[in-house]
Structures are given as structure tokens and as C-alpha cells.
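Peer 1: For reference, the file structure03.cif (mmCIF, C-alpha atoms; chains and numbers go by the auth columns) is included below:
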```cif
data_upload
loop_
_atom_site.group_PDB
_atom_site.id
_atom_site.type_symbol
_atom_site.label_atom_id
_atom_site.label_comp_id
_atom_site.label_asym_id
_atom_site.label_seq_id
_atom_site.Cartn_x
_atom_site.Cartn_y
_atom_site.Cartn_z
_atom_site.B_iso_or_equiv
_atom_site.auth_seq_id
_atom_site.auth_asym_id
ATOM 1 C CA MET A 1 -5.478 3.485 -23.076 0.00 234 V
ATOM 2 C CA SER A 2 -8.711 3.660 -21.174 0.00 235 V
ATOM 3 C CA GLY A 3 -10.056 6.924 -22.580 0.00 236 V
ATOM 4 C CA THR A 4 -11.772 8.466 -19.553 0.00 237 V
ATOM 5 C CA SER A 5 -11.312 11.973 -21.014 0.00 238 V
ATOM 6 C CA ILE A 6 -9.622 12.927 -17.728 0.00 239 V
ATOM 7 C CA PRO A 7 -5.880 13.015 -18.444 0.00 240 V
ATOM 8 C CA ALA A 8 -4.814 12.331 -14.835 0.00 241 V
ATOM 9 C CA PHE A 9 -7.019 9.217 -14.733 0.00 242 V
ATOM 10 C CA ASP A 10 -5.816 8.012 -18.128 0.00 243 V
ATOM 11 C CA LYS A 11 -2.198 8.461 -17.062 0.00 244 V
ATOM 12 C CA THR A 12 -2.599 6.536 -13.795 0.00 245 V
ATOM 13 C CA ILE A 13 -4.484 3.710 -15.515 0.00 246 V
ATOM 14 C CA GLU A 14 -1.761 3.492 -18.152 0.00 247 V
ATOM 15 C CA LYS A 15 0.997 3.513 -15.513 0.00 248 V
ATOM 16 C CA THR A 16 -0.795 0.899 -13.412 0.00 249 V
ATOM 17 C CA ASN A 17 -1.268 -1.333 -16.457 0.00 250 V
ATOM 18 C CA THR A 18 2.452 -0.984 -17.200 0.00 251 V
ATOM 19 C CA TRP A 19 3.318 -2.118 -13.667 0.00 252 V
ATOM 20 C CA LEU A 20 0.911 -5.057 -13.941 0.00 253 V
ATOM 21 C CA ALA A 21 2.358 -6.026 -17.331 0.00 254 V
ATOM 22 C CA ARG A 22 5.873 -5.951 -15.876 0.00 255 V
ATOM 23 C CA ILE A 23 4.809 -8.260 -13.061 0.00 256 V
ATOM 24 C CA GLY A 24 2.959 -10.527 -15.482 0.00 257 V
ATOM 25 C CA GLY A 25 5.997 -10.655 -17.759 0.00 258 V
ATOM 26 C CA THR A 26 8.350 -11.541 -14.917 0.00 259 V
ATOM 27 C CA MET A 27 5.987 -14.167 -13.550 0.00 260 V
ATOM 28 C CA VAL A 28 4.843 -15.391 -16.988 0.00 261 V
ATOM 29 C CA TRP A 29 1.204 -14.766 -16.121 0.00 262 V
ATOM 30 C CA ASP A 30 -1.431 -13.926 -18.723 0.00 263 V
ATOM 31 C CA ASP A 31 -3.924 -12.770 -16.106 0.00 264 V
ATOM 32 C CA PRO A 32 -3.568 -9.088 -15.113 0.00 265 V
ATOM 33 C CA HIS A 33 -5.870 -9.730 -12.141 0.00 266 V
ATOM 34 C CA LYS A 34 -3.265 -12.108 -10.683 0.00 267 V
ATOM 35 C CA SER A 35 -0.632 -9.410 -11.135 0.00 268 V
ATOM 36 C CA TYR A 36 -2.911 -6.880 -9.435 0.00 269 V
ATOM 37 C CA MET A 37 -3.604 -9.138 -6.447 0.00 270 V
ATOM 38 C CA ALA A 38 0.082 -9.972 -6.069 0.00 271 V
ATOM 39 C CA LEU A 39 1.106 -6.297 -6.328 0.00 272 V
ATOM 40 C CA ARG A 40 -1.543 -5.377 -3.793 0.00 273 V
ATOM 41 C CA GLY A 41 -0.419 -8.142 -1.421 0.00 274 V
ATOM 42 C CA VAL A 42 3.235 -7.110 -1.578 0.00 275 V
ATOM 43 C CA LEU A 43 2.412 -3.436 -1.122 0.00 276 V
ATOM 44 C CA HIS A 44 0.147 -4.153 1.857 0.00 277 V
ATOM 45 C CA ALA A 45 2.790 -6.354 3.519 0.00 278 V
ATOM 46 C CA LEU A 46 5.367 -3.620 2.940 0.00 279 V
ATOM 47 C CA ARG A 47 3.041 -0.826 4.094 0.00 280 V
ATOM 48 C CA ASP A 48 2.155 -2.631 7.314 0.00 281 V
ATOM 49 C CA ARG A 49 5.811 -3.290 8.181 0.00 282 V
ATOM 50 C CA LEU A 50 6.955 0.296 7.616 0.00 283 V
ATOM 51 C CA PRO A 51 6.641 3.071 10.184 0.00 284 V
ATOM 52 C CA PRO A 52 3.501 5.052 9.207 0.00 285 V
ATOM 53 C CA THR A 53 5.470 8.161 8.240 0.00 286 V
ATOM 54 C CA GLU A 54 7.644 6.135 5.865 0.00 287 V
ATOM 55 C CA ALA A 55 4.582 4.374 4.415 0.00 288 V
ATOM 56 C CA VAL A 56 2.996 7.753 3.649 0.00 289 V
ATOM 57 C CA GLN A 57 6.218 9.026 2.057 0.00 290 V
ATOM 58 C CA LEU A 58 6.371 5.897 -0.098 0.00 291 V
ATOM 59 C CA ALA A 59 2.725 6.249 -1.101 0.00 292 V
ATOM 60 C CA ALA A 60 3.307 9.824 -2.233 0.00 293 V
ATOM 61 C CA GLN A 61 5.668 8.445 -4.900 0.00 294 V
ATOM 62 C CA LEU A 62 3.171 5.897 -6.283 0.00 295 V
ATOM 63 C CA PRO A 63 0.862 6.420 -9.246 0.00 296 V
ATOM 64 C CA MET A 64 -2.545 7.664 -8.084 0.00 297 V
ATOM 65 C CA LEU A 65 -4.436 4.400 -8.691 0.00 298 V
ATOM 66 C CA ILE A 66 -1.762 2.266 -7.025 0.00 299 V
ATOM 67 C CA ARG A 67 -1.669 4.733 -4.125 0.00 300 V
ATOM 68 C CA GLY A 68 -5.388 4.134 -3.674 0.00 301 V
ATOM 69 C CA PHE A 69 -5.105 0.395 -3.216 0.00 302 V
ATOM 70 C CA PHE A 70 -1.894 0.839 -1.203 0.00 303 V
ATOM 71 C CA PHE A 71 -3.993 2.634 1.439 0.00 304 V
ATOM 72 C CA GLU A 72 -7.057 0.385 1.069 0.00 305 V
ATOM 73 C CA GLY A 73 -7.937 -1.182 4.423 0.00 306 V
ATOM 74 C CA TRP A 74 -5.025 0.431 6.276 0.00 307 V
ATOM 75 C CA HIS A 75 -5.429 0.817 10.027 0.00 308 V
ATOM 76 C CA LEU A 76 -2.756 2.771 11.866 0.00 309 V
ATOM 77 C CA ALA A 77 -3.309 1.039 15.192 0.00 310 V
ATOM 78 C CA ASP A 78 -0.358 -1.182 16.108 0.00 311 V
ATOM 79 C CA LYS A 79 1.720 -0.096 13.111 0.00 312 V
ATOM 80 C CA PRO A 80 4.284 -0.909 12.118 0.00 313 V
ATOM 81 C CA GLU A 81 3.828 -4.620 12.589 0.00 314 V
ATOM 82 C CA LYS A 82 6.812 -5.994 14.450 0.00 315 V
ATOM 83 C CA TYR A 83 7.654 -9.167 12.534 0.00 316 V
ATOM 84 C CA ARG A 84 11.328 -9.396 11.629 0.00 317 V
ATOM 85 C CA HIS A 85 11.642 -12.554 9.570 0.00 318 V
ATOM 86 C CA LYS A 86 11.328 -13.102 5.849 0.00 319 V
ATOM 87 C CA LYS A 87 9.002 -16.059 6.387 0.00 320 V
ATOM 88 C CA GLN A 88 6.488 -13.773 8.139 0.00 321 V
ATOM 89 C CA PHE A 89 6.652 -11.252 5.289 0.00 322 V
ATOM 90 C CA LEU A 90 6.063 -14.028 2.739 0.00 323 V
ATOM 91 C CA HIS A 91 3.094 -15.232 4.782 0.00 324 V
ATOM 92 C CA ARG A 92 1.572 -11.735 4.754 0.00 325 V
ATOM 93 C CA VAL A 93 1.788 -11.627 0.955 0.00 326 V
ATOM 94 C CA VAL A 94 0.198 -15.068 0.631 0.00 327 V
ATOM 95 C CA GLU A 95 -2.690 -13.994 2.875 0.00 328 V
ATOM 96 C CA GLU A 96 -3.765 -11.629 0.074 0.00 329 V
ATOM 97 C CA ALA A 97 -2.730 -13.849 -2.831 0.00 330 V
ATOM 98 C CA PRO A 98 -3.316 -17.403 -1.527 0.00 331 V
ATOM 99 C CA TRP A 99 -3.074 -18.973 -4.996 0.00 332 V
ATOM 100 C CA LEU A 100 0.637 -18.122 -5.232 0.00 333 V
ATOM 101 C CA GLN A 101 2.750 -21.237 -5.646 0.00 334 V
ATOM 102 C CA GLU A 102 5.669 -21.743 -3.269 0.00 335 V
ATOM 103 C CA ASP A 103 8.215 -20.937 -5.994 0.00 336 V
ATOM 104 C CA GLU A 104 6.359 -17.749 -6.981 0.00 337 V
ATOM 105 C CA ILE A 105 6.205 -15.934 -3.661 0.00 338 V
ATOM 106 C CA GLU A 106 9.749 -14.572 -3.446 0.00 339 V
ATOM 107 C CA ARG A 107 9.861 -13.996 -7.211 0.00 340 V
ATOM 108 C CA VAL A 108 6.801 -11.771 -7.183 0.00 341 V
ATOM 109 C CA ILE A 109 8.042 -9.852 -4.147 0.00 342 V
ATOM 110 C CA THR A 110 11.388 -9.162 -5.786 0.00 343 V
ATOM 111 C CA ALA A 111 9.588 -8.209 -9.028 0.00 344 V
ATOM 112 C CA VAL A 112 7.510 -5.602 -7.168 0.00 345 V
ATOM 113 C CA PHE A 113 10.578 -4.348 -5.312 0.00 346 V
ATOM 114 C CA GLU A 114 12.422 -4.015 -8.644 0.00 347 V
ATOM 115 C CA ILE A 115 9.564 -1.933 -10.035 0.00 348 V
ATOM 116 C CA LEU A 116 9.597 0.265 -6.941 0.00 349 V
ATOM 117 C CA SER A 117 13.364 0.710 -7.261 0.00 350 V
ATOM 118 C CA SER A 118 13.047 1.738 -10.889 0.00 351 V
ATOM 119 C CA GLU A 119 10.148 4.130 -10.241 0.00 352 V
ATOM 120 C CA LEU A 120 11.140 5.726 -6.944 0.00 353 V
ATOM 121 C CA GLY A 121 14.090 7.970 -6.490 0.00 354 V
ATOM 122 C CA GLU A 122 17.223 6.414 -5.050 0.00 355 V
ATOM 123 C CA GLY A 123 16.753 8.359 -1.802 0.00 356 V
ATOM 124 C CA GLU A 124 13.221 7.046 -1.214 0.00 357 V
ATOM 125 C CA THR A 125 14.245 3.495 -2.149 0.00 358 V
ATOM 126 C CA ASN A 126 17.115 3.611 0.328 0.00 359 V
ATOM 127 C CA GLN A 127 14.849 5.020 3.086 0.00 360 V
ATOM 128 C CA VAL A 128 12.257 2.280 2.610 0.00 361 V
ATOM 129 C CA ARG A 129 14.888 -0.463 2.488 0.00 362 V
ATOM 130 C CA ALA A 130 16.575 0.913 5.620 0.00 363 V
ATOM 131 C CA ALA A 131 13.266 0.799 7.511 0.00 364 V
ATOM 132 C CA LEU A 132 12.953 -2.954 6.934 0.00 365 V
ATOM 133 C CA PRO A 133 14.509 -5.725 9.023 0.00 366 V
ATOM 134 C CA ALA A 134 17.598 -7.338 7.461 0.00 367 V
ATOM 135 C CA GLU A 135 15.849 -10.580 6.393 0.00 368 V
ATOM 136 C CA ILE A 136 13.146 -8.681 4.513 0.00 369 V
ATOM 137 C CA ARG A 137 15.624 -6.164 3.115 0.00 370 V
ATOM 138 C CA GLU A 138 17.455 -9.093 1.459 0.00 371 V
ATOM 139 C CA LEU A 139 14.450 -9.489 -0.869 0.00 372 V
ATOM 140 C CA TRP A 140 14.999 -5.932 -2.123 0.00 373 V
ATOM 141 C CA ALA A 141 18.195 -5.719 -4.112 0.00 374 V
ATOM 142 C CA ARG A 142 20.155 -2.494 -3.946 0.00 375 V
ATOM 143 C CA PRO A 143 19.538 -0.289 -6.981 0.00 376 V
ATOM 144 C CA ARG A 144 22.129 -0.648 -9.718 0.00 377 V
ATOM 145 C CA MET A 145 24.375 2.364 -10.094 0.00 378 V
#
```
Give the structure from the file, written as C-alpha cells.

Peer 2:
Amino acid sequence: MSGTSIPAFDKTIEKTNTWLARIGGTMVWDDPHKSYMALRGVLHALRDRLPPTEAVQLAAQLPMLIRGFFFEGWHLADKPEKYRHKKQFLHRVVEEAPWLQEDEIERVITAVFEILSSELGEGETNQVRAALPAEIRELWARPRM
């Protein structure tokens, strides 16, 4: 716990740290900064591929701190980006986390998508998935019923 004496800040820091720990655990990373940069890279690649309205609806479901870096550097011009292939999505993630090893890229993307599935409602998860091209959607497993 951070102890800011502002409950909303403490809660979002705690939630963000939980997300980072989940990514670190999946990836077997001891460095929370790596988890942060990977999470940020995946979220930015996702944000930029979604129609702006869907990106905003997704962001509304995120913890406050994560929502902040989700929107960081976002420019609405020419959105959504039009790439349709998984390889292009992977490349976008690596642009923000260039130290990712080849065998880590898809794993970290699916780890972030799993967190989103567990934290978002089923309706929002299905809307976001449906807005993605088929090749990218394959990285995001359907929620377990």
C-alpha cells in the first residue's frame, strides 16, 4: 500500500500493482517496470486499433491510474489505425517495449488480454474483441463461462 491518505489514489495504486504483479508472474519477471512498459505497450496498441468510441468505453472500465497511461499520448487523428494482421499488432507492442524477446511478445499480449477479460464485464470484453480484426482477436481468448 502506498499510503497517500487519499483513498481513491491508494486503491488505484493497489489495483495497478496487482495488474503488474499478475503480468510479472505470468512472464516470470522480477521487474515491475518491465510489466508496466509491456502493459502500456499492449494497451496503446489496442487503443489505437479500436474505434475511438470503443477505446473510451474500454478506458472507463480501467482503474484510474491505468486509464491515465492508456490515454497518454493519444491522438484521435487517423484513428482507428487500419492494420489487420497480428504481425502488425505485435510490432506496435514492441515499439513501446523493444526489449521484449520474440517468445515473450504474444505471451505478454495474451496475459494483458486475460487480465482485461477478468476485470471487465463480459459485455465490454465482447465489444472490444468484436471491434478487432480476426487475426488480432485470436490473441484474446473468449472468456470462460

Peer 1: Name the closest residue to V:Leu253 among the candidates V:Lys315, V:Arg273, V:Lys320, V:Arg325; distances are taken between atoms, counting only C-alpha atoms.

Peer 2: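 Once distances to V:Leu253 are computed over only C-alpha atoms, the minimum belongs to V:Arg273.
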
Peer 1: For atom CA of V:Tyr316 and atom CA of V:Asp336, determine how far apart the two atoms are, in Å to one decimal place.

Peer 2: 22.0 Å

Peer 1: What is the distance between atom CA of V:Trp307 and atom CA of V:Pro285, in Å to one decimal?

Peer 2: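 Here the two named atoms are 10.1 Å from each other.
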
Peer 1: Which neighbours of stretch 240-248 of chain V fall inside 10 Å, counting all atoms listed in the file, when residues of the same chain fewer than 2 positions from it are skipped, and could you give them as a list in words?

Peer 2: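 Selected residues are Met234, Ser235, Gly236, Thr237, Ser238, Asn250, Thr251, Trp252, Leu253, Ala254, Leu295, Pro296, Met297, Leu298, Ile299 and Arg300 of chain V.
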
Peer 1: Quick one: of V:Leu283, V:Val261, V:Ala271, V:Val289, who's nearest to V:Val326, counting only C-alpha atoms?

Peer 2: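 Closest to V:Val326, using only C-alpha atoms: V:Ala271.
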
Peer 1: Once the PyMOL selection byres ((chain V and resi 257) around 12) has been applied to the shown file, what residues remain in the selection, as a VMD selection string?

Peer 2: chain V and resid 250 to 256 258 to 272 337 340 to 341 344 to 345

Peer 1: Mind dumping the selected residues with C-alpha atoms as a JSON list (two decimals), in the frame of the given file?

Peer 2:
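Output file out_33.json is given in full below:
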```json
[["chain", "number", "residue", "atom", "x", "y", "z"],
["V", 250, "ASN", "CA", -1.27, -1.33, -16.46],
["V", 251, "THR", "CA", 2.45, -0.98, -17.20],
["V", 252, "TRP", "CA", 3.32, -2.12, -13.67],
["V", 253, "LEU", "CA", 0.91, -5.06, -13.94],
["V", 254, "ALA", "CA", 2.36, -6.03, -17.33],
["V", 255, "ARG", "CA", 5.87, -5.95, -15.88],
["V", 256, "ILE", "CA", 4.81, -8.26, -13.06],
["V", 258, "GLY", "CA", 6.00, -10.66, -17.76],
["V", 259, "THR", "CA", 8.35, -11.54, -14.92],
["V", 260, "MET", "CA", 5.99, -14.17, -13.55],
["V", 261, "VAL", "CA", 4.84, -15.39, -16.99],
["V", 262, "TRP", "CA", 1.20, -14.77, -16.12],
["V", 263, "ASP", "CA", -1.43, -13.93, -18.72],
["V", 264, "ASP", "CA", -3.92, -12.77, -16.11],
["V", 265, "PRO", "CA", -3.57, -9.09, -15.11],
["V", 266, "HIS", "CA", -5.87, -9.73, -12.14],
["V", 267, "LYS", "CA", -3.26, -12.11, -10.68],
["V", 268, "SER", "CA", -0.63, -9.41, -11.14],
["V", 269, "TYR", "CA", -2.91, -6.88, -9.44],
["V", 270, "MET", "CA", -3.60, -9.14, -6.45],
["V", 271, "ALA", "CA", 0.08, -9.97, -6.07],
["V", 272, "LEU", "CA", 1.11, -6.30, -6.33],
["V", 337, "GLU", "CA", 6.36, -17.75, -6.98],
["V", 340, "ARG", "CA", 9.86, -14.00, -7.21],
["V", 341, "VAL", "CA", 6.80, -11.77, -7.18],
["V", 344, "ALA", "CA", 9.59, -8.21, -9.03],
["V", 345, "VAL", "CA", 7.51, -5.60, -7.17]]
```

Peer 1: For each of V:Ile342, V:Leu309, V:Pro331, V:Thr358, take the minimum atom-to-atom distance to V:Pro284, counting only C-alpha atoms, then give the residue where this is smallest.

Peer 2: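 Ranked by minimum distance to V:Pro284, first place goes to V:Leu309.
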
Peer 1: When distances are computed from only C-alpha atoms, which of V:Thr343, V:Arg362, V:Ile239, V:Glu368 shows the smallest separation from V:Arg317?

Peer 2: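 Answer, going by the shortest atom-to-atom distance: V:Glu368.
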
Peer 1: Counting only C-alpha atoms, write as a PyMOL selection string all protein and nucleic acid residues lying at most 9 Å from (16.8, -12.6, 5.9) in the file's frame.

Peer 2: chain V and resi 317-320+366-372

Peer 1: Excluding same-chain residues fewer than 3 positions from V:Thr286, what lies within 12 Å of it counting only C-alpha atoms, as a ChimeraX atom specification?

Peer 2: /V:280-283,289-293,309,312-313,360-361,364

Peer 1: Any chance you can output those residues with C-alpha atoms as a CSV table (one decimal), in the frame of the given file?

Peer 2:
```
chain,number,residue,atom,x,y,z
V,280,ARG,CA,3.0,-0.8,4.1
V,281,ASP,CA,2.2,-2.6,7.3
V,282,ARG,CA,5.8,-3.3,8.2
V,283,LEU,CA,7.0,0.3,7.6
V,289,VAL,CA,3.0,7.8,3.6
V,290,GLN,CA,6.2,9.0,2.1
V,291,LEU,CA,6.4,5.9,-0.1
V,292,ALA,CA,2.7,6.2,-1.1
V,293,ALA,CA,3.3,9.8,-2.2
V,309,LEU,CA,-2.8,2.8,11.9
V,312,LYS,CA,1.7,-0.1,13.1
V,313,PRO,CA,4.3,-0.9,12.1
V,360,GLN,CA,14.8,5.0,3.1
V,361,VAL,CA,12.3,2.3,2.6
V,364,ALA,CA,13.3,0.8,7.5
```

Peer 1: Using all atoms listed in the file, collect all residues at a distance of at most 6 Å from (-1.9, -9.4, -0.4) as written in the file, then present them as a PyMOL selection string.

Peer 2: chain V and resi 273-275+326+328-330

Peer 1: Quick one, how far is atom CA of V:Gly301 from atom CA of V:Leu279?

Peer 2: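 Interatomic distance, atom CA of V:Gly301 to atom CA of V:Leu279: 14.8 Å.
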
Peer 1: Kindly indicate which residue among V:Ala288, V:Leu333, V:Leu276, V:Leu323 lies nearest to V:Leu349, using all atoms listed in the file for the distances.

Peer 2: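 Answer, going by the shortest atom-to-atom distance: V:Leu276.
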
Peer 1: Under the PyMOL selection byres ((chain V and resi 351) around 12), which residues of this model are included? Write them out as a PDB file with C-alpha atoms, in the coordinates of the input.

Peer 2:
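Contents of result.pdb, freshly written:
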```pdb
ATOM      1  CA  TRP V 252       3.318  -2.118 -13.667  1.00  0.00           C
ATOM      2  CA  ARG V 255       5.873  -5.951 -15.876  1.00  0.00           C
ATOM      3  CA  GLN V 294       5.668   8.445  -4.900  1.00  0.00           C
ATOM      4  CA  LEU V 295       3.171   5.897  -6.283  1.00  0.00           C
ATOM      5  CA  ALA V 344       9.588  -8.209  -9.028  1.00  0.00           C
ATOM      6  CA  VAL V 345       7.510  -5.602  -7.168  1.00  0.00           C
ATOM      7  CA  PHE V 346      10.578  -4.348  -5.312  1.00  0.00           C
ATOM      8  CA  GLU V 347      12.422  -4.015  -8.644  1.00  0.00           C
ATOM      9  CA  ILE V 348       9.564  -1.933 -10.035  1.00  0.00           C
ATOM     10  CA  LEU V 349       9.597   0.265  -6.941  1.00  0.00           C
ATOM     11  CA  SER V 350      13.364   0.710  -7.261  1.00  0.00           C
ATOM     12  CA  GLU V 352      10.148   4.130 -10.241  1.00  0.00           C
ATOM     13  CA  LEU V 353      11.140   5.726  -6.944  1.00  0.00           C
ATOM     14  CA  GLY V 354      14.090   7.970  -6.490  1.00  0.00           C
ATOM     15  CA  GLU V 355      17.223   6.414  -5.050  1.00  0.00           C
ATOM     16  CA  GLY V 356      16.753   8.359  -1.802  1.00  0.00           C
ATOM     17  CA  GLU V 357      13.221   7.046  -1.214  1.00  0.00           C
ATOM     18  CA  THR V 358      14.245   3.495  -2.149  1.00  0.00           C
ATOM     19  CA  TRP V 373      14.999  -5.932  -2.123  1.00  0.00           C
ATOM     20  CA  ALA V 374      18.195  -5.719  -4.112  1.00  0.00           C
ATOM     21  CA  ARG V 375      20.155  -2.494  -3.946  1.00  0.00           C
ATOM     22  CA  PRO V 376      19.538  -0.289  -6.981  1.00  0.00           C
ATOM     23  CA  ARG V 377      22.129  -0.648  -9.718  1.00  0.00           C
ATOM     24  CA  MET V 378      24.375   2.364 -10.094  1.00  0.00           C
TER      25      MET V 378
END
```
